[in-house]
$ cat target11.txt   # compact mmCIF, C-alpha atoms and all ligand atoms
# COMPACT_ATOMS: atom_id res chain seq x y z
CA MET U 1485 -27.85 19.90 1.16
CA GLN U 1486 -27.04 16.26 0.49
CA LYS U 1487 -23.83 14.95 2.01
CA ILE U 1488 -21.10 14.34 -0.56
CA THR U 1489 -18.97 11.22 -0.16
CA ALA U 1490 -15.98 10.11 -2.25
CA ALA U 1491 -16.86 6.98 -4.22
CA ILE U 1492 -14.20 4.80 -5.80
CA THR U 1493 -15.33 4.76 -9.43
CA SER U 1494 -12.36 3.01 -11.06
CA VAL U 1495 -9.33 0.96 -10.05
CA GLY U 1496 -6.04 0.61 -11.93
CA GLY U 1497 -2.88 -1.33 -11.28
CA TYR U 1498 0.51 -2.22 -12.61
CA VAL U 1499 3.29 -4.63 -11.70
CA PRO U 1500 6.47 -4.95 -13.77
CA GLU U 1501 7.05 -8.17 -15.73
CA ASP U 1502 10.36 -9.25 -14.14
CA LEU U 1503 9.99 -11.75 -11.29
CA LEU U 1504 12.20 -12.37 -8.28
CA THR U 1505 11.27 -15.77 -6.85
CA ASN U 1506 12.19 -17.44 -3.58
CA GLU U 1507 14.39 -19.77 -5.64
CA ASP U 1508 16.24 -16.74 -7.08
CA LEU U 1509 16.80 -15.41 -3.54
CA GLU U 1510 18.17 -18.79 -2.41
CA LYS U 1511 21.05 -18.15 -4.85
CA MET U 1512 21.66 -14.61 -3.54
CA VAL U 1513 21.53 -14.98 0.28
CA GLU U 1514 21.43 -17.71 2.93
CA THR U 1515 17.69 -18.41 2.84
CA ASN U 1516 15.22 -20.99 1.61
CA ASP U 1517 11.77 -21.15 0.07
CA GLU U 1518 10.31 -23.00 3.07
CA TRP U 1519 11.45 -20.30 5.55
CA ILE U 1520 10.12 -17.46 3.40
CA ARG U 1521 6.75 -19.12 2.76
CA THR U 1522 6.09 -20.13 6.36
CA ARG U 1523 7.34 -16.88 7.97
CA THR U 1524 5.82 -14.43 5.47
CA GLY U 1525 3.58 -16.16 2.90
CA ILE U 1526 5.62 -14.72 -0.02
CA VAL U 1527 6.47 -16.82 -3.09
CA GLU U 1528 7.54 -14.21 -5.67
CA ARG U 1529 7.75 -10.46 -6.23
CA HIS U 1530 7.80 -8.22 -9.32
CA ILE U 1531 10.85 -6.01 -9.85
CA LEU U 1532 11.17 -2.91 -12.03
CA ARG U 1533 14.45 -3.30 -13.89
CA GLY U 1534 16.22 -1.12 -16.43
CA GLU U 1535 18.15 2.12 -16.57
CA GLY U 1536 16.15 5.26 -15.92
CA LYS U 1537 13.10 3.45 -14.50
CA ALA U 1538 11.54 4.92 -11.38
CA THR U 1539 8.38 4.93 -9.28
CA SER U 1540 6.63 7.26 -11.76
CA ASP U 1541 7.01 4.44 -14.33
CA LEU U 1542 4.79 2.34 -12.06
CA VAL U 1543 2.33 5.19 -11.46
CA VAL U 1544 1.81 6.02 -15.14
CA PRO U 1545 0.52 2.61 -16.36
CA ALA U 1546 -1.65 2.25 -13.23
CA VAL U 1547 -3.31 5.63 -13.90
CA ARG U 1548 -3.69 4.85 -17.62
CA ASP U 1549 -5.41 1.56 -16.68
CA LEU U 1550 -7.80 3.40 -14.32
CA CYS U 1551 -8.64 6.02 -16.97
CA ALA U 1552 -9.24 3.40 -19.68
CA LYS U 1553 -11.62 1.47 -17.40
CA ARG U 1554 -13.60 4.62 -16.54
CA GLY U 1555 -13.46 5.87 -20.14
CA ILE U 1556 -11.90 9.22 -19.29
CA ASP U 1557 -8.93 11.17 -20.61
CA PRO U 1558 -6.10 11.64 -18.05
CA ASN U 1559 -6.56 15.38 -18.55
CA GLU U 1560 -9.90 15.18 -16.73
CA ILE U 1561 -8.02 14.41 -13.50
CA GLU U 1562 -7.94 17.48 -11.24
CA CYS U 1563 -5.61 16.25 -8.51
CA LEU U 1564 -3.15 13.34 -8.32
CA ILE U 1565 -1.88 12.15 -4.93
CA VAL U 1566 0.97 9.64 -4.84
CA ALA U 1567 1.73 7.74 -1.64
CA THR U 1568 5.32 6.49 -1.77
CA VAL U 1569 8.55 6.10 0.21
CA THR U 1570 10.54 5.72 -3.01
CA PRO U 1571 9.89 8.96 -4.93
CA ASP U 1572 11.78 9.39 -8.22
CA MET U 1573 13.67 12.18 -6.46
CA LEU U 1574 13.13 14.10 -3.22
CA PHE U 1575 11.80 16.89 -5.42
CA PRO U 1576 10.04 17.55 -7.69
CA ASN U 1577 7.41 15.24 -6.30
CA THR U 1578 6.46 12.03 -8.09
CA ALA U 1579 2.89 13.24 -8.67
CA ASN U 1580 4.38 16.18 -10.63
CA VAL U 1581 6.65 13.92 -12.67
CA SER U 1582 3.83 11.42 -13.31
CA CYS U 1583 1.43 14.14 -14.51
CA ASP U 1584 4.06 15.29 -16.99
CA LYS U 1585 4.59 11.73 -18.29
CA LEU U 1586 0.80 11.28 -18.58
CA GLY U 1587 0.43 14.56 -20.49
CA ILE U 1588 -1.80 15.97 -17.74
CA LYS U 1589 -1.81 19.76 -17.91
CA ASN U 1590 -4.67 20.79 -15.61
CA ALA U 1591 -3.99 18.97 -12.36
CA TRP U 1592 -2.08 19.70 -9.21
CA GLY U 1593 -0.70 17.02 -6.96
CA PHE U 1594 1.68 15.99 -4.25
CA ASP U 1595 3.31 12.99 -2.59
CA ILE U 1596 2.45 11.56 0.81
CA LEU U 1597 5.13 9.73 2.73
CA ALA U 1598 3.65 7.42 5.33
CA ALA U 1599 5.29 4.10 4.42
CA CYS U 1600 2.92 1.12 4.39
CA SER U 1601 0.00 3.26 5.58
CA GLY U 1602 0.62 5.78 2.80
CA PHE U 1603 -2.34 4.66 0.71
CA LEU U 1604 -4.79 5.04 3.61
CA TYR U 1605 -3.41 8.49 4.51
CA ALA U 1606 -3.66 9.52 0.82
CA LEU U 1607 -7.13 8.02 0.35
CA THR U 1608 -8.46 9.90 3.38
CA THR U 1609 -6.85 13.14 2.13
CA GLY U 1610 -8.17 12.64 -1.41
CA ALA U 1611 -11.63 11.84 -0.08
CA SER U 1612 -11.73 15.12 1.88
CA LEU U 1613 -11.01 17.07 -1.34
CA ILE U 1614 -14.07 15.43 -2.90
CA GLU U 1615 -16.19 15.88 0.26
CA SER U 1616 -15.36 19.60 0.25
CA GLY U 1617 -17.32 19.90 -2.98
CA ARG U 1618 -14.43 21.60 -4.79
CA TYR U 1619 -13.17 18.62 -6.79
CA LYS U 1620 -14.88 16.07 -9.03
CA LYS U 1621 -12.00 13.76 -10.03
CA VAL U 1622 -9.16 12.98 -7.65
CA VAL U 1623 -6.77 10.08 -8.27
CA VAL U 1624 -5.01 8.41 -5.34
CA VAL U 1625 -2.04 6.16 -6.12
CA GLY U 1626 0.06 3.90 -3.90
CA ALA U 1627 3.35 3.16 -5.65
CA ASP U 1628 6.77 1.96 -4.59
CA LYS U 1629 9.92 0.76 -6.28
CA MET U 1630 11.12 -0.96 -3.13
CA SER U 1631 13.93 -2.68 -5.05
CA SER U 1632 15.66 0.73 -5.18
CA ILE U 1633 16.16 0.80 -1.39
CA VAL U 1634 16.58 -2.92 -0.61
CA ASP U 1635 19.99 -4.35 0.27
CA TYR U 1636 20.09 -7.63 -1.65
CA THR U 1637 22.81 -8.96 0.67
CA ASP U 1638 20.56 -8.59 3.77
CA ARG U 1639 18.42 -11.70 4.03
CA THR U 1640 16.21 -10.25 6.74
CA THR U 1641 14.77 -7.59 4.39
CA CYS U 1642 15.50 -8.56 0.77
CA ILE U 1643 13.02 -11.45 0.82
CA LEU U 1644 10.15 -9.19 1.82
CA PHE U 1645 9.73 -6.42 -0.74
CA GLY U 1646 8.54 -5.99 -4.33
CA ASP U 1647 7.62 -3.21 -6.77
CA GLY U 1648 4.17 -2.14 -7.98
CA ALA U 1649 1.46 0.51 -8.13
CA GLY U 1650 -2.29 0.63 -7.57
CA ALA U 1651 -4.62 3.58 -8.17
CA VAL U 1652 -8.22 4.57 -7.47
CA LEU U 1653 -10.37 7.33 -8.95
CA LEU U 1654 -12.51 9.25 -6.45
CA GLU U 1655 -15.69 11.02 -7.59
CA PRO U 1656 -18.54 12.67 -5.65
CA ASN U 1657 -21.50 10.54 -4.61
CA THR U 1658 -24.69 11.50 -2.80
CA GLU U 1659 -26.13 8.00 -2.20
CA GLY U 1660 -23.82 7.04 0.63
CA PHE U 1661 -21.18 5.09 -1.30
CA GLY U 1662 -17.41 5.48 -0.99
CA VAL U 1663 -15.01 6.38 1.81
CA LEU U 1664 -17.23 6.57 4.90
CA ASP U 1665 -14.79 6.68 7.82
CA SER U 1666 -11.11 6.40 8.70
CA ILE U 1667 -9.14 6.07 11.89
CA LEU U 1668 -5.51 6.98 11.23
CA LYS U 1669 -2.70 6.89 13.79
CA SER U 1670 1.01 7.52 14.15
CA ASP U 1671 3.72 7.09 16.77
CA GLY U 1672 7.13 8.48 15.90
CA SER U 1673 8.83 6.55 18.70
CA GLY U 1674 8.57 3.48 16.41
CA GLY U 1675 10.95 5.04 13.88
CA LYS U 1676 13.97 3.34 15.36
CA TYR U 1677 12.69 -0.09 14.32
CA LEU U 1678 12.04 0.64 10.64
CA HIS U 1679 13.71 3.40 8.65
CA MET U 1680 16.18 4.52 6.01
CA LYS U 1681 18.85 6.35 7.94
CA ALA U 1682 20.56 8.52 5.31
CA GLY U 1683 19.55 10.64 2.34
CA GLY U 1684 17.53 13.25 4.24
CA SER U 1685 18.55 16.44 6.03
CA LEU U 1686 19.68 14.54 9.14
CA ASN U 1687 22.27 12.45 7.31
CA PRO U 1688 22.75 13.90 3.83
CA PRO U 1689 24.22 11.48 1.29
CA SER U 1690 27.99 11.15 1.47
CA ALA U 1691 30.60 8.51 0.61
CA GLU U 1692 30.48 7.48 4.29
CA THR U 1693 26.69 7.02 4.42
CA VAL U 1694 26.86 4.92 1.26
CA ALA U 1695 29.75 2.84 2.63
CA ARG U 1696 27.68 2.23 5.80
CA LYS U 1697 24.73 1.10 3.61
CA GLU U 1698 22.49 3.73 5.19
CA HIS U 1699 20.49 4.28 1.99
CA PHE U 1700 18.87 0.89 2.39
CA ILE U 1701 15.86 -0.15 4.49
CA TYR U 1702 16.69 -1.03 8.06
CA GLN U 1703 14.14 -3.17 9.89
CA ASP U 1704 14.20 -4.82 13.29
CA GLY U 1705 11.56 -7.36 12.30
CA GLN U 1706 10.38 -8.73 15.64
CA PRO U 1707 9.31 -5.48 17.35
CA VAL U 1708 7.69 -4.30 14.11
CA PHE U 1709 5.83 -7.60 13.93
CA LYS U 1710 4.66 -7.27 17.54
CA PHE U 1711 3.38 -3.71 17.09
CA ALA U 1712 1.86 -4.53 13.68
CA VAL U 1713 -0.15 -7.49 14.98
CA THR U 1714 -1.78 -5.49 17.75
CA GLY U 1715 -1.88 -2.13 15.91
CA MET U 1716 -3.60 -3.32 12.75
CA ALA U 1717 -6.03 -5.59 14.59
CA ASP U 1718 -6.93 -3.00 17.25
CA VAL U 1719 -7.56 -0.13 14.83
CA SER U 1720 -9.70 -2.32 12.57
CA TYR U 1721 -11.78 -3.43 15.55
CA GLU U 1722 -12.04 0.19 16.77
CA LEU U 1723 -13.36 1.24 13.34
CA MET U 1724 -15.97 -1.53 13.47
CA GLU U 1725 -17.12 -0.56 16.97
CA LYS U 1726 -17.27 3.16 16.14
CA ASN U 1727 -19.50 2.49 13.12
CA HIS U 1728 -21.53 -0.34 14.72
CA LEU U 1729 -20.28 -2.80 12.10
CA LYS U 1730 -20.55 -6.49 13.01
CA SER U 1731 -18.40 -9.19 11.37
CA GLU U 1732 -21.37 -10.27 9.26
CA ASP U 1733 -21.74 -6.71 7.90
CA ILE U 1734 -18.25 -6.79 6.41
CA ALA U 1735 -17.78 -8.35 2.97
CA TRP U 1736 -14.00 -7.99 2.73
CA LEU U 1737 -10.92 -7.10 4.73
CA VAL U 1738 -8.34 -5.44 2.46
CA PRO U 1739 -5.16 -5.63 4.53
CA HIS U 1740 -1.66 -4.29 3.91
CA GLN U 1741 0.37 -7.26 2.71
CA ALA U 1742 3.50 -7.39 4.90
CA ASN U 1743 3.14 -10.78 6.50
CA LYS U 1744 0.37 -13.36 6.30
CA ARG U 1745 0.56 -13.94 10.05
CA ILE U 1746 -0.24 -10.25 10.74
CA ILE U 1747 -3.18 -10.43 8.31
CA ASP U 1748 -4.52 -13.62 9.94
CA ALA U 1749 -4.37 -12.00 13.40
CA THR U 1750 -6.33 -8.96 12.16
CA ALA U 1751 -8.99 -11.12 10.50
CA ARG U 1752 -9.40 -13.19 13.69
CA ARG U 1753 -9.82 -10.05 15.83
CA MET U 1754 -12.52 -8.81 13.42
CA GLY U 1755 -14.27 -12.20 13.47
CA LEU U 1756 -13.76 -12.71 9.73
CA SER U 1757 -13.17 -16.05 8.02
CA ASP U 1758 -10.33 -16.48 5.49
CA GLU U 1759 -12.77 -16.26 2.54
CA LYS U 1760 -13.38 -12.58 3.41
CA VAL U 1761 -9.71 -11.62 3.36
CA MET U 1762 -7.96 -10.31 0.25
CA LEU U 1763 -4.54 -11.91 -0.02
CA ASN U 1764 -2.00 -11.56 -2.82
CA ILE U 1765 1.22 -11.35 -0.81
CA GLN U 1766 2.33 -14.64 -2.37
CA ARG U 1767 2.60 -12.97 -5.81
CA TYR U 1768 3.85 -9.47 -5.02
CA GLY U 1769 5.52 -9.50 -1.58
CA ASN U 1770 5.34 -6.24 0.34
CA THR U 1771 4.96 -3.37 -2.15
CA THR U 1772 4.57 -0.84 0.71
CA ALA U 1773 2.08 1.88 -0.38
CA ALA U 1774 0.83 -0.24 -3.28
CA THR U 1775 -0.40 -3.33 -1.43
CA ILE U 1776 -3.96 -2.20 -0.67
CA PRO U 1777 -4.86 -0.77 -4.12
CA LEU U 1778 -3.22 -3.81 -5.77
CA CYS U 1779 -5.58 -6.01 -3.72
CA LEU U 1780 -8.57 -3.97 -4.96
CA TRP U 1781 -7.22 -4.32 -8.50
CA ASP U 1782 -6.81 -8.10 -8.23
CA PHE U 1783 -10.09 -8.79 -6.43
CA GLN U 1784 -12.34 -6.24 -8.16
CA SER U 1785 -14.39 -8.91 -9.96
CA LYS U 1786 -15.41 -10.35 -6.56
CA LEU U 1787 -16.63 -7.02 -5.16
CA LYS U 1788 -20.31 -6.11 -5.37
CA LYS U 1789 -21.98 -2.70 -5.20
CA GLY U 1790 -22.88 -1.99 -1.58
CA ASP U 1791 -20.21 -4.25 -0.06
CA ASN U 1792 -18.73 -2.92 3.17
CA ILE U 1793 -14.97 -3.27 2.98
CA VAL U 1794 -12.36 -2.43 5.61
CA LEU U 1795 -8.90 -1.36 4.46
CA ALA U 1796 -6.20 -1.75 7.13
CA ALA U 1797 -2.48 -1.02 7.30
CA PHE U 1798 0.51 -0.82 9.61
CA GLY U 1799 3.98 0.38 8.73
CA GLY U 1800 7.07 2.50 9.24
CA GLY U 1801 6.71 5.55 11.45
CA PHE U 1802 4.95 3.84 13.07
CA THR U 1803 1.89 4.72 11.03
CA TRP U 1804 -1.30 2.73 10.97
CA GLY U 1805 -5.00 2.92 10.35
CA ALA U 1806 -8.24 1.49 9.01
CA THR U 1807 -10.76 2.87 6.51
CA TRP U 1808 -14.38 1.87 5.87
CA VAL U 1809 -15.49 1.98 2.24
CA LYS U 1810 -18.92 1.15 0.82
CA TRP U 1811 -18.16 -0.23 -2.64
CA PHE U 1812 -19.75 1.66 -5.53
CA ILE U 1813 -18.73 -0.12 -8.75
CA ASN U 1814 -21.15 -2.76 -10.03
O1 LIG B 1 5.26 -3.43 6.04
C1 LIG B 1 5.94 -2.68 6.99
C2 LIG B 1 5.87 -3.28 8.32
N1 LIG B 1 6.69 -4.45 8.41
C3 LIG B 1 6.18 -5.57 8.91
O2 LIG B 1 5.03 -5.63 9.24
C4 LIG B 1 7.14 -6.72 9.09
C5 LIG B 1 7.02 -7.27 10.49
N2 LIG B 1 7.97 -8.34 10.76
C6 LIG B 1 7.90 -9.55 10.18
O3 LIG B 1 7.05 -9.79 9.34
C7 LIG B 1 8.84 -10.62 10.66
O4 LIG B 1 9.54 -10.17 11.81
C8 LIG B 1 9.88 -11.08 9.60
C9 LIG B 1 9.19 -11.83 8.48
C10 LIG B 1 10.63 -9.86 9.03
C11 LIG B 1 10.89 -12.03 10.23
O5 LIG B 1 10.19 -13.14 10.79
P1 LIG B 1 10.48 -13.58 12.31
O6 LIG B 1 9.62 -14.75 12.54
O7 LIG B 1 10.28 -12.38 13.17
O8 LIG B 1 11.97 -14.02 12.23
P2 LIG B 1 13.18 -13.52 13.14
O9 LIG B 1 13.64 -12.17 12.69
O10 LIG B 1 12.86 -13.72 14.57
O11 LIG B 1 14.28 -14.58 12.76
C12 LIG B 1 14.14 -15.96 13.12
C13 LIG B 1 15.37 -16.71 12.63
C14 LIG B 1 16.68 -16.05 13.01
O12 LIG B 1 17.63 -17.09 13.26
P3 LIG B 1 18.00 -17.53 14.76
O13 LIG B 1 18.53 -16.28 15.41
O14 LIG B 1 16.70 -17.99 15.36
O15 LIG B 1 19.01 -18.59 14.56
C15 LIG B 1 17.08 -15.30 11.77
O16 LIG B 1 18.48 -15.10 11.68
O17 LIG B 1 15.37 -16.75 11.21
C16 LIG B 1 16.59 -16.22 10.69
N3 LIG B 1 16.32 -15.54 9.43
C17 LIG B 1 16.26 -16.18 8.24
N4 LIG B 1 16.43 -17.47 7.90
C18 LIG B 1 16.29 -17.80 6.61
C19 LIG B 1 16.04 -14.22 9.22
N5 LIG B 1 15.83 -14.00 7.92
C20 LIG B 1 15.95 -15.19 7.29
C21 LIG B 1 15.82 -15.60 5.94
N6 LIG B 1 16.00 -16.91 5.66
N7 LIG B 1 15.53 -14.74 4.96

$ encode --input "target11.txt" --output "structure tokens" --more "lines below"
Ligand code: UT7
Amino acid sequence: MQKITAAITSVGGYVPEDLLTNEDLEKMVETNDEWIRTRTGIVERHILRGEGKATSDLVVPAVRDLCAKRGIDPNEIECLIVATVTPDMLFPNTANVSCDKLGIKNAWGFDILAACSGFLYALTTGASLIESGRYKKVVVVGADKMSSIVDYTDRTTCILFGDGAGAVLLEPNTEGFGVLDSILKSDGSGGKYLHMKAGGSLNPPSAETVARKEHFIYQDGQPVFKFAVTGMADVSYELMEKNHLKSEDIAWLVPHQANKRIIDATARRMGLSDEKVMLNIQRYGNTTAATIPLCLWDFQSKLKKGDNIVLAAFGGGFTWGATWVKWFIN
């Protein structure tokens, strides 16, 4: 029997219209455009504003975009996986809510919570459903409304994050295209450096947790930076070695967009020049689970069938990983 792989057959994306620029942030906290650009590479981010708007409102247009490009009805989707740290609610899951908003009646789905590595965890999970032979159309979305958990009085975090969603459709392939290998890792001892303290079963929401601002992101930037630089670079290199991929075999690095300096370090370790690195952090900031699919969405016109691309991420948990994809779409 021929081996089934999960090919990416369509890509969708969505970012809200409202912008939050470095100049806007200069008026909100003690910061400046020069600091933000040189330390992170970010110039502006998109923010989902308005009453009653949630992460599912980012997921829905991204999935509609993907379906329109592939020429399918959303009801053909069999399983929807949403990677997010900002679900609409703790339950029901955002995949559930999104299916309802999309009018999807025949799919099941679930959320995956793995912070900035969420998309890679979800892509690997979605790919195994296709590889099992049981499913023909699985959609994997990375989506986060980071503005809902950012403290806009904390200059160390509020300059970093933005809102957005990116989605890919996975379908079976027997010619060797699609998700070919992943190395995924986690280390829970890193949780102390990057987390949201309250809102879960450990510290349920209360007036006190709100007063202590424990429903916002907490990040100790320097240790996270240190672990991210080595973690993302090492795992990408490990994936190359394991699959006998040389720098010249790789067409694109698709890195999580947290900090341009982390991305540069990973590209150097892999022996890749800047022209082979997808970068859109300047326009979106860090959209957590959405960064990697939003890169694919932005750069799709540059990708060619057969290109070897390496997706790499590092984030809260710590979670990190790298995935090798052979591009299918012409
Ligand atoms: O995606 C999930 C994983 N997250 C990451 O990968 C993020 C990893 N960390 C980072 O990217 C970086 O640590 C940051 C961009 C968050 C911070 O950059 P840094 O070079 O590590 O800066 P720092 O925290 O060491 O701060 C340097 C200085 C400090 O001032 P002093 O103590 O040297 O006087 C900060 O108080 O910059 C100050 N600072 C700021 N200044 C202007 C911190 N935030 C700001 C700001 N504007 N927004």

$ closest_residue --input "target11.txt" --among "U:Phe1812, U:Tyr1498, U:Tyr1605, U:Phe1711" --to "Ser1540 (chain U)" --atoms "only C-alpha atoms"
U:Tyr1498

$ closest_atom_pairs --input "target11.txt" --of "chain U" --to "ligand LIG 1 (chain B)" --cutoff "6 Å" --atoms "all atoms listed in the file" --output "JSON lines"
{"residue": "U:Thr1515", "atom": "CA", "partner": "B:LIG1", "partner_atom": "N6", "distance": 3.6}
{"residue": "U:Asn1516", "atom": "CA", "partner": "B:LIG1", "partner_atom": "N6", "distance": 5.8}
{"residue": "U:Trp1519", "atom": "CA", "partner": "B:LIG1", "partner_atom": "C18", "distance": 5.5}
{"residue": "U:Arg1523", "atom": "CA", "partner": "B:LIG1", "partner_atom": "C9", "distance": 5.4}
{"residue": "U:Thr1524", "atom": "CA", "partner": "B:LIG1", "partner_atom": "C9", "distance": 5.2}
{"residue": "U:Cys1600", "atom": "CA", "partner": "B:LIG1", "partner_atom": "O1", "distance": 5.4}
{"residue": "U:Arg1639", "atom": "CA", "partner": "B:LIG1", "partner_atom": "N7", "distance": 4.3}
{"residue": "U:Thr1640", "atom": "CA", "partner": "B:LIG1", "partner_atom": "N5", "distance": 3.9}
{"residue": "U:Ile1643", "atom": "CA", "partner": "B:LIG1", "partner_atom": "N7", "distance": 5.9}
{"residue": "U:Gly1705", "atom": "CA", "partner": "B:LIG1", "partner_atom": "O4", "distance": 3.5}
{"residue": "U:Gln1706", "atom": "CA", "partner": "B:LIG1", "partner_atom": "O4", "distance": 4.2}
{"residue": "U:Val1708", "atom": "CA", "partner": "B:LIG1", "partner_atom": "C5", "distance": 4.7}
{"residue": "U:Phe1709", "atom": "CA", "partner": "B:LIG1", "partner_atom": "C5", "distance": 3.7}
{"residue": "U:Ala1712", "atom": "CA", "partner": "B:LIG1", "partner_atom": "O2", "distance": 5.6}
{"residue": "U:Ala1742", "atom": "CA", "partner": "B:LIG1", "partner_atom": "O1", "distance": 4.5}
{"residue": "U:Asn1743", "atom": "CA", "partner": "B:LIG1", "partner_atom": "O3", "distance": 4.9}
{"residue": "U:Thr1772", "atom": "CA", "partner": "B:LIG1", "partner_atom": "O1", "distance": 6.0}
{"residue": "U:Gly1799", "atom": "CA", "partner": "B:LIG1", "partner_atom": "C1", "distance": 4.0}
{"residue": "U:Gly1800", "atom": "CA", "partner": "B:LIG1", "partner_atom": "C1", "distance": 5.8}

$ closest_residue --input "target11.txt" --among "U:Thr1641, U:Gln1741, U:Ser1673, U:Thr1807" --to "Tyr1702 (chain U)" --atoms "all atoms listed in the file"
U:Thr1641

$ residues_around --input "target11.txt" --residues "Glu1501 (chain U)" --least-positions-apart "5" --cutoff "8 Å" --atoms "all atoms listed in the file" --output "VMD selection string"
chain U and resid 1530 to 1532

$ closest_residue --input "target11.txt" --among "U:Ile1520, U:Arg1529, U:Leu1564, U:Ser1494" --to "Cys1551 (chain U)" --atoms "only C-alpha atoms"
U:Ser1494

$ residues_near_point --input "target11.txt" --point "(0.3, 1.9, -10.5)" --cutoff "6 Å" --atoms "only C-alpha atoms" --output "PyMOL selection string"
chain U and resi 1497-1498+1542-1543+1545-1546+1627+1649-1651

$ atom_distance --input "target11.txt" --atom1 "CA of Ala1751 (chain U)" --atom2 "CA of Phe1798 (chain U)"
14.0 Å

$ residues_near_point --input "target11.txt" --point "(-27.5, 7.0, -2.0)" --cutoff "12 Å" --atoms "all atoms listed in the file" --output "list in words"
Gln1486, Lys1487, Ile1488, Thr1489, Ala1490, Ala1491, Pro1656, Asn1657, Thr1658, Glu1659, Gly1660, Phe1661, Gly1662, Lys1789, Gly1790, Lys1810, Trp1811 and Phe1812 of chain U

$ residues_around --input "target11.txt" --residues "Asn1764 (chain U)" --least-positions-apart "4" --cutoff "8 Å" --atoms "all atoms listed in the file" --output "list in words"
Gln1741, Tyr1768, Gly1769 and Cys1779 of chain U

$ residues_around --input "target11.txt" --residues "region 1683-1697 of chain U" --least-positions-apart "6" --cutoff "12 Å" --atoms "only C-alpha atoms" --output "list in words"
Thr1570, Met1573, Leu1574, Phe1575, Ile1633, Val1634, Asp1635, Tyr1636, Thr1637 and Asp1638 of chain U

$ atom_distance --input "target11.txt" --atom1 "CA of Ala1579 (chain U)" --atom2 "CA of Ala1606 (chain U)"
12.1 Å

$ atom_distance --input "target11.txt" --atom1 "CA of Val1547 (chain U)" --atom2 "CA of Asn1577 (chain U)"
16.3 Å

$ residues_around --input "target11.txt" --residues "Phe1603 (chain U)" --least-positions-apart "4" --cutoff "10 Å" --atoms "all atoms listed in the file" --output "list in words"
Ile1565, Val1566, Ala1567, Thr1568, Ile1596, Leu1597, Ala1598, Ala1599, Leu1607, Thr1608, Thr1609, Val1624, Val1625, Gly1626, Ala1627, Gly1650, Ala1651, His1740, Thr1772, Ala1773, Ala1774, Thr1775, Ile1776, Pro1777, Leu1795, Ala1796 and Ala1797 of chain U

$ closest_residue --input "target11.txt" --among "U:Val1652, U:Ile1701, U:Leu1644, U:Leu1780" --to "Lys1676 (chain U)" --atoms "all atoms listed in the file"
U:Ile1701

$ residues_around --input "target11.txt" --residues "Thr1505 (chain U)" --least-positions-apart "3" --cutoff "9 Å" --atoms "only C-alpha atoms" --output "PDB file with C-alpha atoms, in the frame of the given file"
ATOM      1  CA  ASP U1508      16.240 -16.740  -7.080  1.00  0.00           C
ATOM      2  CA  LEU U1509      16.800 -15.410  -3.540  1.00  0.00           C
ATOM      3  CA  GLU U1510      18.170 -18.790  -2.410  1.00  0.00           C
ATOM      4  CA  ASP U1517      11.770 -21.150   0.070  1.00  0.00           C
ATOM      5  CA  ILE U1526       5.620 -14.720  -0.020  1.00  0.00           C
ATOM      6  CA  VAL U1527       6.470 -16.820  -3.090  1.00  0.00           C
ATOM      7  CA  GLU U1528       7.540 -14.210  -5.670  1.00  0.00           C
ATOM      8  CA  ARG U1529       7.750 -10.460  -6.230  1.00  0.00           C
ATOM      9  CA  HIS U1530       7.800  -8.220  -9.320  1.00  0.00           C
ATOM     10  CA  ILE U1643      13.020 -11.450   0.820  1.00  0.00           C
TER      11      ILE U1643
END

$ closest_residue --input "target11.txt" --among "U:Leu1787, U:Ala1552, U:Val1569, U:Val1623" --to "Gly1602 (chain U)" --atoms "only C-alpha atoms"
U:Val1569

$ closest_residue --input "target11.txt" --among "U:Thr1539, U:Asn1506, U:Thr1803, U:Asn1727" --to "Ser1632 (chain U)" --atoms "all atoms listed in the file"
U:Thr1539
